[in-house]
$ cat data_22.cif   # mmCIF, C-alpha atoms
data_work
loop_
_atom_site.label_atom_id
_atom_site.label_comp_id
_atom_site.auth_asym_id
_atom_site.auth_seq_id
_atom_site.Cartn_x
_atom_site.Cartn_y
_atom_site.Cartn_z
CA MET A 25 25.15 23.10 12.00
CA ALA A 26 24.91 19.57 10.77
CA ARG A 27 24.13 18.96 7.14
CA ALA A 28 22.16 15.99 5.97
CA ALA A 29 20.19 15.22 2.89
CA VAL A 30 16.64 13.97 2.77
CA PRO A 31 16.74 10.44 1.42
CA GLY A 32 14.68 10.07 -1.78
CA GLY A 33 11.06 9.04 -1.72
CA LEU A 34 9.69 12.28 -3.08
CA THR A 35 7.08 10.85 -5.38
CA TRP A 36 3.59 10.20 -4.02
CA GLN A 37 3.14 6.57 -3.12
CA PRO A 38 -0.12 4.76 -2.50
CA ALA A 39 -0.63 3.66 1.09
CA THR A 40 -3.27 1.42 2.62
CA VAL A 41 -4.56 1.73 6.15
CA ALA A 42 -3.72 -1.66 7.67
CA ALA A 43 -4.96 -0.98 11.19
CA THR A 44 -5.84 1.83 13.56
CA ARG A 45 -5.25 2.15 17.29
CA ALA A 46 -6.90 4.68 19.56
CA GLU A 47 -4.27 6.45 21.66
CA THR A 48 -6.59 8.86 23.48
CA ALA A 49 -10.17 10.03 22.95
CA THR A 50 -8.92 12.45 20.27
CA ALA A 51 -5.77 10.86 18.89
CA ARG A 52 -5.19 7.77 16.86
CA THR A 53 -2.32 5.83 15.34
CA LEU A 54 -2.71 4.68 11.74
CA VAL A 55 -0.66 1.74 10.56
CA LEU A 56 0.09 2.25 6.87
CA ASP A 57 1.24 -0.38 4.41
CA VAL A 58 3.40 1.04 1.64
CA ASP A 59 4.90 -1.27 -0.97
CA GLY A 60 8.63 -0.73 -1.22
CA TRP A 61 8.87 1.53 1.83
CA THR A 62 12.48 1.24 2.93
CA GLY A 63 12.19 2.75 6.37
CA HIS A 64 13.00 6.14 7.89
CA VAL A 65 15.22 7.84 10.43
CA PRO A 66 13.48 8.43 13.79
CA GLY A 67 12.15 11.99 13.86
CA GLN A 68 11.27 12.17 10.17
CA HIS A 69 7.79 12.91 8.86
CA VAL A 70 5.65 12.12 5.83
CA ASP A 71 3.35 14.29 3.80
CA VAL A 72 -0.12 12.73 3.64
CA ARG A 73 -2.45 13.45 0.73
CA LEU A 74 -6.18 12.80 0.75
CA SER A 75 -8.18 13.03 -2.48
CA ALA A 76 -11.92 13.52 -2.79
CA PRO A 77 -13.81 11.87 -5.65
CA ASP A 78 -14.06 15.20 -7.52
CA GLY A 79 -10.28 15.60 -7.53
CA TYR A 80 -9.99 17.97 -4.57
CA MET A 81 -6.85 17.21 -2.56
CA ALA A 82 -5.61 18.18 0.88
CA HIS A 83 -2.10 17.65 2.25
CA ARG A 84 -0.65 17.69 5.74
CA SER A 85 2.59 16.58 7.36
CA TYR A 86 2.62 13.99 10.15
CA SER A 87 5.49 12.63 12.18
CA ILE A 88 6.28 8.94 11.95
CA SER A 89 5.86 7.39 15.40
CA SER A 90 6.93 3.81 14.67
CA ALA A 91 10.41 2.33 14.72
CA PRO A 92 12.04 2.16 11.28
CA GLY A 93 11.11 -0.88 9.24
CA PRO A 94 10.26 -1.99 5.70
CA ASP A 95 6.84 -1.82 3.97
CA ARG A 96 5.04 -0.31 6.95
CA LEU A 97 5.00 2.82 9.06
CA GLU A 98 2.78 4.41 11.67
CA VAL A 99 1.66 7.99 12.02
CA THR A 100 -0.07 9.29 15.12
CA VAL A 101 -2.60 12.04 14.55
CA GLN A 102 -4.21 14.39 17.05
CA ALA A 103 -7.60 15.63 15.83
CA VAL A 104 -7.60 19.40 15.49
CA ILE A 105 -10.97 21.08 16.07
CA ASP A 106 -12.25 22.35 12.72
CA GLY A 107 -9.32 20.68 11.01
CA GLU A 108 -9.71 19.40 7.49
CA VAL A 109 -7.47 16.33 7.43
CA SER A 110 -6.85 15.29 11.03
CA PRO A 111 -10.54 14.67 11.96
CA HIS A 112 -10.82 12.43 8.91
CA LEU A 113 -7.77 10.41 9.90
CA VAL A 114 -8.83 10.16 13.56
CA GLU A 115 -12.56 9.59 13.15
CA VAL A 116 -13.29 8.29 9.65
CA ALA A 117 -10.37 6.33 8.24
CA GLU A 118 -10.55 2.57 8.66
CA PRO A 119 -8.57 -0.48 7.58
CA GLY A 120 -8.59 -0.94 3.83
CA ASP A 121 -8.80 2.77 3.05
CA HIS A 122 -6.40 4.28 0.56
CA LEU A 123 -4.42 7.47 0.70
CA GLU A 124 -1.05 8.69 -0.53
CA ILE A 125 2.17 9.55 1.24
CA ARG A 126 5.44 11.18 0.30
CA GLY A 127 8.62 10.76 2.26
CA PRO A 128 10.34 10.13 4.55
CA LEU A 129 11.11 13.84 4.92
CA GLY A 130 13.26 15.95 7.19
CA GLY A 131 16.98 15.80 7.86
CA TRP A 132 17.40 17.95 10.96
CA PHE A 133 15.04 16.83 13.73
CA VAL A 134 16.32 13.25 13.45
CA ARG A 135 18.04 10.79 15.73
CA ARG A 136 20.52 8.91 13.57
CA PRO A 137 21.35 5.36 14.72
CA ALA A 138 25.09 6.02 14.33
CA ASP A 139 25.00 8.99 16.71
CA PRO A 140 26.70 7.73 19.89
CA ARG A 141 25.42 10.50 22.15
CA PRO A 142 22.78 10.02 24.81
CA ALA A 143 19.48 11.65 23.89
CA LEU A 144 17.25 13.83 26.02
CA LEU A 145 13.75 13.84 24.54
CA ILE A 146 11.21 16.38 25.76
CA GLY A 147 7.68 16.29 24.40
CA GLY A 148 4.53 18.30 25.02
CA GLY A 149 1.14 16.83 24.09
CA SER A 150 1.07 15.24 20.64
CA GLY A 151 4.62 16.52 20.13
CA VAL A 152 5.72 13.21 21.58
CA ALA A 153 4.97 11.43 18.26
CA PRO A 154 8.40 11.81 16.57
CA LEU A 155 10.07 11.21 19.94
CA MET A 156 8.22 7.90 20.19
CA SER A 157 9.98 6.74 17.05
CA MET A 158 13.27 7.66 18.72
CA VAL A 159 12.26 5.80 21.89
CA ARG A 160 11.36 2.70 19.91
CA ALA A 161 14.68 2.74 18.07
CA ALA A 162 16.87 3.82 20.99
CA THR A 163 20.39 2.38 21.00
CA THR A 164 22.03 4.86 23.37
CA PRO A 165 20.97 6.05 26.83
CA THR A 166 17.70 7.90 26.35
CA ARG A 167 15.54 9.91 28.70
CA LEU A 168 12.04 11.08 27.83
CA LEU A 169 10.32 13.88 29.68
CA TYR A 170 6.68 14.02 28.62
CA SER A 171 4.28 16.78 29.59
CA THR A 172 0.52 16.49 29.14
CA ARG A 173 -2.48 18.12 30.76
CA SER A 174 -3.69 14.89 32.28
CA PRO A 175 -3.07 11.13 32.15
CA SER A 176 -5.94 10.75 29.67
CA ASP A 177 -4.18 13.12 27.26
CA ALA A 178 -0.97 11.08 27.24
CA LEU A 179 -0.18 9.16 24.05
CA PHE A 180 1.58 5.78 24.00
CA THR A 181 1.10 5.17 27.72
CA ALA A 182 1.39 1.40 27.53
CA ASP A 183 4.18 1.44 24.94
CA LEU A 184 6.19 3.87 27.04
CA ALA A 185 5.84 1.64 30.08
CA THR A 186 7.07 -1.28 28.00
CA ALA A 187 10.01 0.67 26.58
CA GLN A 188 10.92 1.68 30.09
CA ALA A 189 10.90 -1.85 31.42
CA THR A 190 12.01 -4.10 28.60
CA GLY A 191 13.45 -2.19 25.66
CA ASP A 192 16.76 -3.34 24.23
CA THR A 193 18.07 -0.05 25.50
CA PRO A 194 15.90 0.90 28.45
CA VAL A 195 14.42 4.37 28.22
CA ALA A 196 13.86 6.43 31.36
CA VAL A 197 10.40 8.01 31.13
CA THR A 198 9.22 10.86 33.34
CA HIS A 199 5.67 12.16 33.07
CA VAL A 200 4.69 15.69 33.96
CA TYR A 201 1.00 16.56 34.32
CA THR A 202 0.01 20.21 34.17
CA ARG A 203 -3.69 20.05 35.15
CA VAL A 204 -4.71 16.63 36.46
CA VAL A 205 -2.48 14.00 38.06
CA PRO A 206 -3.23 10.26 38.41
CA SER A 207 -4.61 9.10 41.74
CA GLY A 208 -1.80 8.45 44.19
CA TRP A 209 0.59 10.74 42.26
CA PRO A 210 3.10 12.15 44.73
CA ALA A 211 2.95 15.76 43.55
CA PRO A 212 0.32 18.31 42.52
CA PRO A 213 -0.08 19.27 38.85
CA ARG A 214 2.79 21.43 37.65
CA ARG A 215 4.39 22.73 34.53
CA LEU A 216 7.73 21.50 33.36
CA ASP A 217 10.24 23.76 35.09
CA ALA A 218 13.93 24.15 35.84
CA ASP A 219 13.70 21.88 38.90
CA ILE A 220 12.27 18.97 36.93
CA LEU A 221 14.77 19.49 34.14
CA ALA A 222 17.66 19.60 36.58
CA ARG A 223 16.46 16.32 38.05
CA VAL A 224 15.85 14.50 34.77
CA ALA A 225 18.30 16.01 32.30
CA TRP A 226 21.94 15.13 32.21
CA PRO A 227 23.50 18.13 33.91
CA ARG A 228 25.91 19.10 31.17
CA ASP A 229 25.31 18.90 27.47
CA ALA A 230 28.81 18.17 26.20
CA ASP A 231 27.81 14.80 24.83
CA VAL A 232 24.03 14.98 24.91
CA VAL A 233 21.67 15.95 22.13
CA ALA A 234 18.25 17.29 23.12
CA PHE A 235 15.09 17.04 21.00
CA VAL A 236 12.17 19.24 22.01
CA CYS A 237 8.79 18.91 20.30
CA GLY A 238 5.41 20.35 21.18
CA PRO A 239 3.31 23.50 20.92
CA THR A 240 5.26 26.72 20.39
CA GLY A 241 4.95 28.06 23.94
CA PHE A 242 6.10 24.74 25.35
CA VAL A 243 9.08 24.47 23.00
CA GLU A 244 10.11 28.07 23.67
CA THR A 245 9.98 27.56 27.43
CA VAL A 246 11.84 24.25 27.42
CA ALA A 247 14.53 25.34 24.97
CA ASP A 248 15.18 28.47 27.05
CA LEU A 249 15.38 26.38 30.23
CA LEU A 250 17.88 24.03 28.61
CA VAL A 251 20.05 26.98 27.56
CA ASP A 252 19.77 28.34 31.12
CA ILE A 253 21.06 25.11 32.66
CA GLY A 254 24.04 25.06 30.36
CA TYR A 255 23.02 23.27 27.17
CA ASN A 256 24.74 24.54 24.07
CA PRO A 257 22.02 25.89 21.71
CA SER A 258 23.60 23.94 18.86
CA ASN A 259 22.80 20.69 20.69
CA ILE A 260 19.11 21.53 21.07
CA ARG A 261 16.85 20.65 18.17
CA THR A 262 13.29 21.85 18.13
CA GLU A 263 10.11 21.09 16.26
CA ARG A 264 6.76 22.68 16.86
CA PHE A 265 3.29 21.30 16.47
CA GLY A 266 1.02 24.27 16.13
CA PRO A 267 -2.77 24.30 16.32
CA THR A 268 -2.85 24.61 12.54
CA GLY A 269 -1.61 21.13 11.83
CA GLY A 270 -5.25 20.19 11.08
CA MET B 1 -4.63 8.37 -11.49
CA ALA B 2 -5.20 9.82 -8.08
CA VAL B 3 -5.92 7.50 -5.19
CA ILE B 4 -9.36 8.38 -3.86
CA THR B 5 -9.72 8.35 -0.11
CA ARG B 6 -13.03 6.85 0.95
CA GLY B 7 -15.25 9.27 2.80
CA PHE B 8 -13.05 12.30 2.27
CA GLY B 9 -14.82 15.39 1.02
CA GLY B 10 -12.48 18.15 2.13
CA ARG B 11 -13.33 21.77 2.50
CA ARG B 12 -13.25 23.57 -0.76
CA ARG B 13 -12.02 27.06 -0.39
CA ASP B 14 -12.16 29.27 -3.39
CA ASP B 15 -8.86 30.96 -2.73
CA ALA B 16 -7.21 32.10 -5.95
CA ASP B 17 -4.45 33.63 -3.82
CA LEU B 18 -3.50 30.28 -2.29
CA PRO B 19 -0.45 28.61 -3.89
CA PRO B 20 -0.80 24.90 -4.73
CA GLY B 21 -0.81 22.53 -1.77
CA GLN B 22 -1.25 25.32 0.78
CA TYR B 23 -4.07 25.90 3.25
CA ARG B 24 -5.05 29.12 4.90
CA THR B 25 -4.51 29.87 8.57
CA ASP B 26 -5.26 32.86 10.76
CA ASP B 27 -2.72 31.83 13.40
CA PHE B 28 0.93 32.70 13.14
CA PRO B 29 2.70 29.34 13.58
CA VAL B 30 6.37 29.27 14.55
CA LEU B 31 8.98 27.01 13.02
CA SER B 32 12.66 27.06 13.80
CA ALA B 33 15.42 24.54 14.20
CA GLY B 34 16.62 25.37 17.71
CA PRO B 35 16.24 27.72 20.65
CA THR B 36 15.25 31.33 20.02
CA PRO B 37 18.29 33.64 20.17
CA ARG B 38 17.81 36.70 22.37
CA ILE B 39 19.81 39.65 21.05
CA ASP B 40 20.47 42.77 23.09
CA LEU B 41 19.66 45.86 21.01
CA ASP B 42 22.85 47.53 22.30
CA GLU B 43 24.85 44.74 20.73
CA TRP B 44 22.69 44.22 17.65
CA GLU B 45 24.25 45.05 14.32
CA LEU B 46 23.16 44.51 10.74
CA ALA B 47 25.84 44.13 8.09
CA VAL B 48 25.90 44.04 4.31
CA VAL B 49 29.11 42.44 3.10
CA THR B 50 30.08 42.57 -0.56
CA GLU B 51 31.96 39.99 -2.60
CA THR B 52 35.14 42.03 -2.08
CA GLY B 53 34.70 42.08 1.68
CA GLU B 54 33.41 45.65 2.00
CA ARG B 55 31.17 45.93 5.05
CA SER B 56 28.37 48.37 5.64
CA THR B 57 26.92 48.16 9.13
CA TRP B 58 24.03 49.67 11.02
CA SER B 59 23.47 49.85 14.75
CA TRP B 60 19.88 49.48 15.95
CA ALA B 61 19.49 53.27 16.17
CA GLU B 62 20.95 53.76 12.71
CA PHE B 63 18.86 50.98 11.21
CA THR B 64 15.56 52.14 12.64
CA ALA B 65 16.31 55.70 11.49
CA LEU B 66 16.39 54.56 7.85
CA PRO B 67 13.33 55.20 5.68
CA ALA B 68 10.87 52.37 6.33
CA ASP B 69 8.00 50.78 4.40
CA GLU B 70 4.82 49.25 5.79
CA PRO B 71 4.13 46.30 3.49
CA THR B 72 1.01 44.17 3.84
CA VAL B 73 1.74 40.81 2.27
CA ASP B 74 0.69 37.15 2.13
CA ILE B 75 3.21 34.66 3.51
CA HIS B 76 3.58 30.96 2.68
CA CYS B 77 5.33 28.32 4.78
CA VAL B 78 6.69 25.14 3.21
CA THR B 79 4.79 23.23 5.92
CA ARG B 80 1.69 24.25 3.95
CA TRP B 81 0.16 27.10 5.89
CA SER B 82 -0.40 30.44 4.25
CA LYS B 83 -1.30 33.58 6.13
CA PHE B 84 -2.95 36.41 4.25
CA GLY B 85 -2.63 40.13 4.77
CA THR B 86 0.21 40.27 7.29
CA SER B 87 1.33 43.81 8.18
CA TRP B 88 4.96 44.68 8.74
CA ARG B 89 7.27 47.64 9.09
CA GLY B 90 10.79 47.38 7.78
CA VAL B 91 13.58 48.72 5.64
CA SER B 92 13.58 47.75 1.98
CA VAL B 93 16.61 45.77 0.87
CA ASP B 94 16.84 48.34 -1.95
CA THR B 95 17.53 50.98 0.71
CA LEU B 96 20.20 48.87 2.41
CA LEU B 97 21.97 48.27 -0.91
CA ALA B 98 21.56 51.77 -2.34
CA ASP B 99 25.17 52.79 -1.77
CA VAL B 100 26.72 49.35 -2.11
CA GLU B 101 28.87 48.57 -5.14
CA THR B 102 28.51 45.00 -6.23
CA THR B 103 28.34 42.71 -9.21
CA ALA B 104 27.08 39.84 -7.06
CA GLU B 105 24.17 37.72 -8.23
CA TYR B 106 23.55 35.82 -5.01
CA VAL B 107 22.97 36.57 -1.36
CA VAL B 108 23.39 34.45 1.75
CA ALA B 109 21.38 35.70 4.72
CA HIS B 110 23.11 34.99 8.04
CA SER B 111 21.24 34.85 11.34
CA TYR B 112 22.19 35.26 14.95
CA GLY B 113 22.23 31.62 16.05
CA GLY B 114 23.97 30.37 12.91
CA TYR B 115 21.09 29.83 10.48
CA THR B 116 21.72 30.64 6.81
CA THR B 117 19.62 30.77 3.65
CA ASN B 118 20.47 31.70 0.05
CA ILE B 119 18.50 33.86 -2.38
CA PRO B 120 19.32 35.30 -5.82
CA LEU B 121 20.00 39.02 -5.43
CA GLU B 122 17.37 39.90 -8.00
CA GLY B 123 14.82 38.17 -5.78
CA LEU B 124 15.48 40.73 -3.04
CA LEU B 125 15.44 43.94 -5.12
CA ASP B 126 12.77 46.21 -6.60
CA GLY B 127 10.52 46.27 -3.59
CA GLN B 128 10.35 42.51 -3.11
CA ALA B 129 12.09 42.20 0.28
CA TRP B 130 12.55 43.99 3.57
CA VAL B 131 14.39 43.71 6.83
CA ALA B 132 11.34 43.87 9.08
CA TYR B 133 11.27 44.93 12.72
CA GLU B 134 7.57 45.38 13.45
CA PHE B 135 4.63 43.04 12.97
CA ASP B 136 1.04 44.22 13.34
CA GLY B 137 2.23 47.53 14.76
CA GLU B 138 4.32 45.96 17.53
CA PRO B 139 8.04 45.28 17.82
CA LEU B 140 8.75 41.93 16.19
CA ALA B 141 8.71 39.25 18.90
CA PRO B 142 11.86 37.13 19.33
CA VAL B 143 9.93 33.97 18.48
CA HIS B 144 9.06 35.45 15.09
CA GLY B 145 12.61 36.61 14.42
CA GLY B 146 12.90 39.85 16.39
CA PRO B 147 14.62 42.22 16.67
CA ALA B 148 14.71 42.04 12.87
CA ARG B 149 14.15 39.43 10.20
CA LEU B 150 14.31 39.20 6.47
CA LEU B 151 10.88 39.33 4.80
CA VAL B 152 10.71 37.83 1.30
CA PRO B 153 7.01 37.09 0.83
CA HIS B 154 7.29 35.73 -2.71
CA LEU B 155 9.35 32.73 -1.48
CA TYR B 156 8.58 30.03 1.10
CA PHE B 157 9.06 31.54 4.50
CA TRP B 158 12.23 29.65 5.42
CA LYS B 159 13.95 32.11 3.06
CA SER B 160 12.80 34.97 5.32
CA ALA B 161 15.63 34.44 7.80
CA LYS B 162 14.79 35.25 11.41
CA TRP B 163 17.22 37.13 13.69
CA LEU B 164 19.01 38.58 10.68
CA ARG B 165 22.64 39.51 11.24
CA ALA B 166 24.12 39.98 7.77
CA LEU B 167 23.44 39.86 4.06
CA GLU B 168 26.48 38.43 2.29
CA LEU B 169 26.71 39.30 -1.41
CA ARG B 170 28.34 36.56 -3.47
CA LEU B 171 29.33 35.86 -7.06
CA ASP B 172 28.37 32.21 -6.63
CA ASP B 173 25.36 30.52 -5.09
CA GLU B 174 25.88 28.83 -1.73
CA PRO B 175 22.97 26.76 -0.41
CA GLY B 176 22.00 27.49 3.20
CA PHE B 177 20.75 25.48 6.15
CA TRP B 178 17.53 23.97 4.81
CA GLU B 179 18.77 24.01 1.21
CA THR B 180 21.51 21.57 2.22
CA ALA B 181 19.03 19.55 4.30
CA GLY B 182 16.92 18.45 1.37
CA TYR B 183 14.79 21.50 0.65
CA HIS B 184 14.57 23.21 -2.73
CA ASN B 185 17.21 25.76 -3.65
CA ASP B 186 14.73 28.34 -4.94
CA GLY B 187 11.58 27.86 -2.83
CA ASP B 188 8.91 29.44 -5.04
CA PRO B 189 5.50 28.56 -3.52
CA TRP B 190 3.66 29.15 -6.81
CA ARG B 191 5.83 26.51 -8.47
CA GLU B 192 5.57 24.35 -5.34
CA GLN B 193 9.35 24.07 -4.97
CA ARG B 194 9.41 22.38 -1.57
CA TYR B 195 12.04 19.69 -1.70
CA LEU B 196 15.30 19.16 -3.55
CA GLU B 197 13.80 17.18 -6.40
CA ASP B 198 10.61 19.22 -6.89
#

$ encode --input "data_22.cif" --output "structure tokens"
Amino acid sequence: MARAAVPGGLTWQPATVAATRAETATARTLVLDVDGWTGHVPGQHVDVRLSAPDGYMAHRSYSISSAPGPDRLEVTVQAVIDGEVSPHLVEVAEPGDHLEIRGPLGGWFVRRPADPRPALLIGGGSGVAPLMSMVRAATTPTRLLYSTRSPSDALFTADLATAQATGDTPVAVTHVYTRVVPSGWPAPPRRLDADILARVAWPRDADVVAFVCGPTGFVETVADLLVDIGYNPSNIRTERFGPTGG
Amino acid sequence: MAVITRGFGGRRRDDADLPPGQYRTDDFPVLSAGPTPRIDLDEWELAVVTETGERSTWSWAEFTALPADEPTVDIHCVTRWSKFGTSWRGVSVDTLLADVETTAEYVVAHSYGGYTTNIPLEGLLDGQAWVAYEFDGEPLAPVHGGPARLLVPHLYFWKSAKWLRALELRLDDEPGFWETAGYHNDGDPWREQRYLED
């Protein structure tokens, strides 16, 4: 397996909320200003630390959803019912607020710019967040297969349409809706299955790297399907967003 | 001085058993780097390999016939969840090494699927570690490392290699998969050894 170090950045750094953007009714992107932030590799995450006035702290990890760049990054947070940190970030945080971050972190579920291979990105629900960073930074042929329950659960809808049409490296985006489809959609709701994969995925994996991110059941199903259609397990990278990310 | 986050109160939990930076969950989240290997029990084999190359191996029938323990332990994932009171059945590493001659100080755990992780041998002995094959009274599910995984509850859970294939005894320390990808070499949750520089 590939070996790669986490680039530095392991001290806690102050961050300021510069802006927020609603993505869905329960998910929001926070734009964070961080002095001296030198960027990240698409797929990496940051640890976020919130401190209460009495010194109590809570930490969670969130994927970076923006393209790499200096002094600024974006995380996209899905509010978890009864969560401790995510409801604060989705419902309470506003521009000017302060928090701390540590990172960028993670050296495995990453899409390095120098990697010449095409990328197959498969996301379920909020698992699309790290894939969005890969989409925004795509320099090789990239296909995104994105499964949500309904159109109103889909993150980054407008940005994905833009990436599809006008990105420097156009990204082919395919939506799959498991419960509710948009009006005029040519097919009934369905789960991501071998037929859809066979249609969207490159048929052989020799030169393709696949990134799969979502809830555990989704990732298990998709990774197994990819192995079934001939992908080498060593070319399939997985990351899971469980219900405990709160 | 800490940066105070406006409007954040948090949920204080008076959990003396919670290592620093962890929060408690009742789920059993899954984390792994790639697809779940599926291993046929007829082909499954566990090996202990010494620093001189001596191999001891167990088939599934031989392994599950060994004396087993039923530890109930707390587990701690580097991604900050901790799960209390998990119940397992498995063979103590002490039992697997009882007849093995070694002067090794380090172990590399090897998994079906290619994953590796390193642990000092003394961190696996004296009732601190098991090769577990049941969870909550049921066969260990593939997604959680079945048929059998290492269980080292006193270290972050990435040290508890899923789909265990072999324990390699070594004279020198060789960092494994996550240890060479920026994570701490030791992984003690109570000392919050998450990343390389912690």

$ resolve_selection --input "data_22.cif" --expression "the PyMOL selection byres ((chain B) within 9 of (chain A))" --output "PyMOL selection string"
chain B and resi 2-12+21-23+25-37+79-81+113-115+143+177-178+180-183+195-198

$ closest_residue --input "data_22.cif" --among "B:Leu121, B:Ala104, B:Ile39, B:Val131" --to "B:Arg149" --atoms "all atoms listed in the file"
B:Val131

$ closest_residue --input "data_22.cif" --among "A:Phe242, A:Thr193, A:Ser89, A:Ala46" --to "A:Thr164" --atoms "all atoms listed in the file"
A:Thr193

$ resolve_selection --input "data_22.cif" --expression "the PyMOL selection byres ((chain A and resi 42) around 8)" --output "ChimeraX atom specification"
/A:40-41,43-44,54-57,119-120

$ closest_residue --input "data_22.cif" --among "B:Leu167, B:Leu125, B:Leu150, B:Ile75" --to "B:Ala47" --atoms "only C-alpha atoms"
B:Leu167

$ closest_residue --input "data_22.cif" --among "B:Gln193, B:Thr95, B:Thr102, B:Ser59" --to "B:Asp126" --atoms "all atoms listed in the file"
B:Thr95

$ residues_around --input "data_22.cif" --residues "B:Asp99" --least-positions-apart "6" --cutoff "12 Å" --atoms "all atoms listed in the file" --output "PyMOL selection string"
chain B and resi 48+50+54-57+93

$ atom_distance --input "data_22.cif" --atom1 "atom CA of A:Ala196" --atom2 "atom CA of A:Glu47"
20.6 Å

$ closest_residue --input "data_22.cif" --among "B:Trp163, B:Trp190, B:Phe63, B:Phe157" --to "B:Cys77" --atoms "all atoms listed in the file"
B:Phe157

$ residues_around --input "data_22.cif" --residues "A:Val114" --least-positions-apart "6" --cutoff "9 Å" --atoms "all atoms listed in the file" --output "ChimeraX atom specification"
/A:44,46,50-54,100-103

$ closest_residue --input "data_22.cif" --among "B:Val108, B:Gly137, B:Thr103, B:Val49" --to "B:Arg89" --atoms "all atoms listed in the file"
B:Gly137

$ resolve_selection --input "data_22.cif" --expression "the PyMOL selection byres ((chain A and resi 143) around 7)" --output "PyMOL selection string"
chain A and resi 141-142+144-145+165-167+232-234

$ atom_distance --input "data_22.cif" --atom1 "atom CA of A:Arg214" --atom2 "atom CA of A:Leu184"
20.8 Å

$ residues_near_point --input "data_22.cif" --point "(0.2, 40.5, 2.4)" --cutoff "12 Å" --atoms "all atoms listed in the file" --output "mmCIF file with C-alpha atoms, keeping the file's coordinate frame"
data_model
loop_
_atom_site.group_PDB
_atom_site.id
_atom_site.type_symbol
_atom_site.label_atom_id
_atom_site.label_comp_id
_atom_site.auth_asym_id
_atom_site.auth_seq_id
_atom_site.Cartn_x
_atom_site.Cartn_y
_atom_site.Cartn_z
ATOM 1 C CA ASP B 17 -4.450 33.630 -3.820
ATOM 2 C CA LEU B 18 -3.500 30.280 -2.290
ATOM 3 C CA GLU B 70 4.820 49.250 5.790
ATOM 4 C CA PRO B 71 4.130 46.300 3.490
ATOM 5 C CA THR B 72 1.010 44.170 3.840
ATOM 6 C CA VAL B 73 1.740 40.810 2.270
ATOM 7 C CA ASP B 74 0.690 37.150 2.130
ATOM 8 C CA ILE B 75 3.210 34.660 3.510
ATOM 9 C CA HIS B 76 3.580 30.960 2.680
ATOM 10 C CA SER B 82 -0.400 30.440 4.250
ATOM 11 C CA LYS B 83 -1.300 33.580 6.130
ATOM 12 C CA PHE B 84 -2.950 36.410 4.250
ATOM 13 C CA GLY B 85 -2.630 40.130 4.770
ATOM 14 C CA THR B 86 0.210 40.270 7.290
ATOM 15 C CA SER B 87 1.330 43.810 8.180
ATOM 16 C CA TRP B 88 4.960 44.680 8.740
ATOM 17 C CA GLN B 128 10.350 42.510 -3.110
ATOM 18 C CA PHE B 135 4.630 43.040 12.970
ATOM 19 C CA ASP B 136 1.040 44.220 13.340
ATOM 20 C CA LEU B 151 10.880 39.330 4.800
ATOM 21 C CA VAL B 152 10.710 37.830 1.300
ATOM 22 C CA PRO B 153 7.010 37.090 0.830
ATOM 23 C CA HIS B 154 7.290 35.730 -2.710
#

$ atom_distance --input "data_22.cif" --atom1 "atom CA of A:Arg126" --atom2 "atom CA of A:Val99"
12.7 Å

$ residues_around --input "data_22.cif" --residues "B:Val107" --least-positions-apart "6" --cutoff "7 Å" --atoms "all atoms listed in the file" --output "ChimeraX atom specification"
/B:118-121,167-170

$ residues_around --input "data_22.cif" --residues "B:Gly187" --least-positions-apart "4" --cutoff "7 Å" --atoms "all atoms listed in the file" --output "MDAnalysis selection string"
chainID B and resid 155:156 193:194

$ build_atoms --input "data_22.cif" --residues "stretch 115-123 of chain A" --atoms "N, CA and C atoms" --output "mmCIF file, in the frame of the given file"
data_model
loop_
_atom_site.group_PDB
_atom_site.id
_atom_site.type_symbol
_atom_site.label_atom_id
_atom_site.label_comp_id
_atom_site.auth_asym_id
_atom_site.auth_seq_id
_atom_site.Cartn_x
_atom_site.Cartn_y
_atom_site.Cartn_z
ATOM 1 N N GLU A 115 -11.181 10.034 12.920
ATOM 2 C CA GLU A 115 -12.560 9.590 13.150
ATOM 3 C C GLU A 115 -13.152 8.766 12.011
ATOM 4 N N VAL A 116 -12.643 8.915 10.802
ATOM 5 C CA VAL A 116 -13.290 8.290 9.650
ATOM 6 C C VAL A 116 -12.488 7.136 9.062
ATOM 7 N N ALA A 117 -11.200 7.331 8.934
ATOM 8 C CA ALA A 117 -10.370 6.330 8.240
ATOM 9 C C ALA A 117 -10.486 4.971 8.920
ATOM 10 N N GLU A 118 -10.485 3.914 8.097
ATOM 11 C CA GLU A 118 -10.550 2.570 8.660
ATOM 12 C C GLU A 118 -9.717 1.625 7.808
ATOM 13 N N PRO A 119 -9.414 0.448 8.330
ATOM 14 C CA PRO A 119 -8.570 -0.480 7.580
ATOM 15 C C PRO A 119 -9.118 -0.730 6.179
ATOM 16 N N GLY A 120 -8.214 -0.759 5.217
ATOM 17 C CA GLY A 120 -8.590 -0.940 3.830
ATOM 18 C C GLY A 120 -8.661 0.350 3.042
ATOM 19 N N ASP A 121 -8.733 1.486 3.748
ATOM 20 C CA ASP A 121 -8.800 2.770 3.050
ATOM 21 C C ASP A 121 -7.476 3.102 2.386
ATOM 22 N N HIS A 122 -7.586 3.904 1.318
ATOM 23 C CA HIS A 122 -6.400 4.280 0.560
ATOM 24 C C HIS A 122 -6.106 5.771 0.697
ATOM 25 N N LEU A 123 -4.851 6.082 0.756
ATOM 26 C CA LEU A 123 -4.420 7.470 0.700
ATOM 27 C C LEU A 123 -3.038 7.478 0.064
#
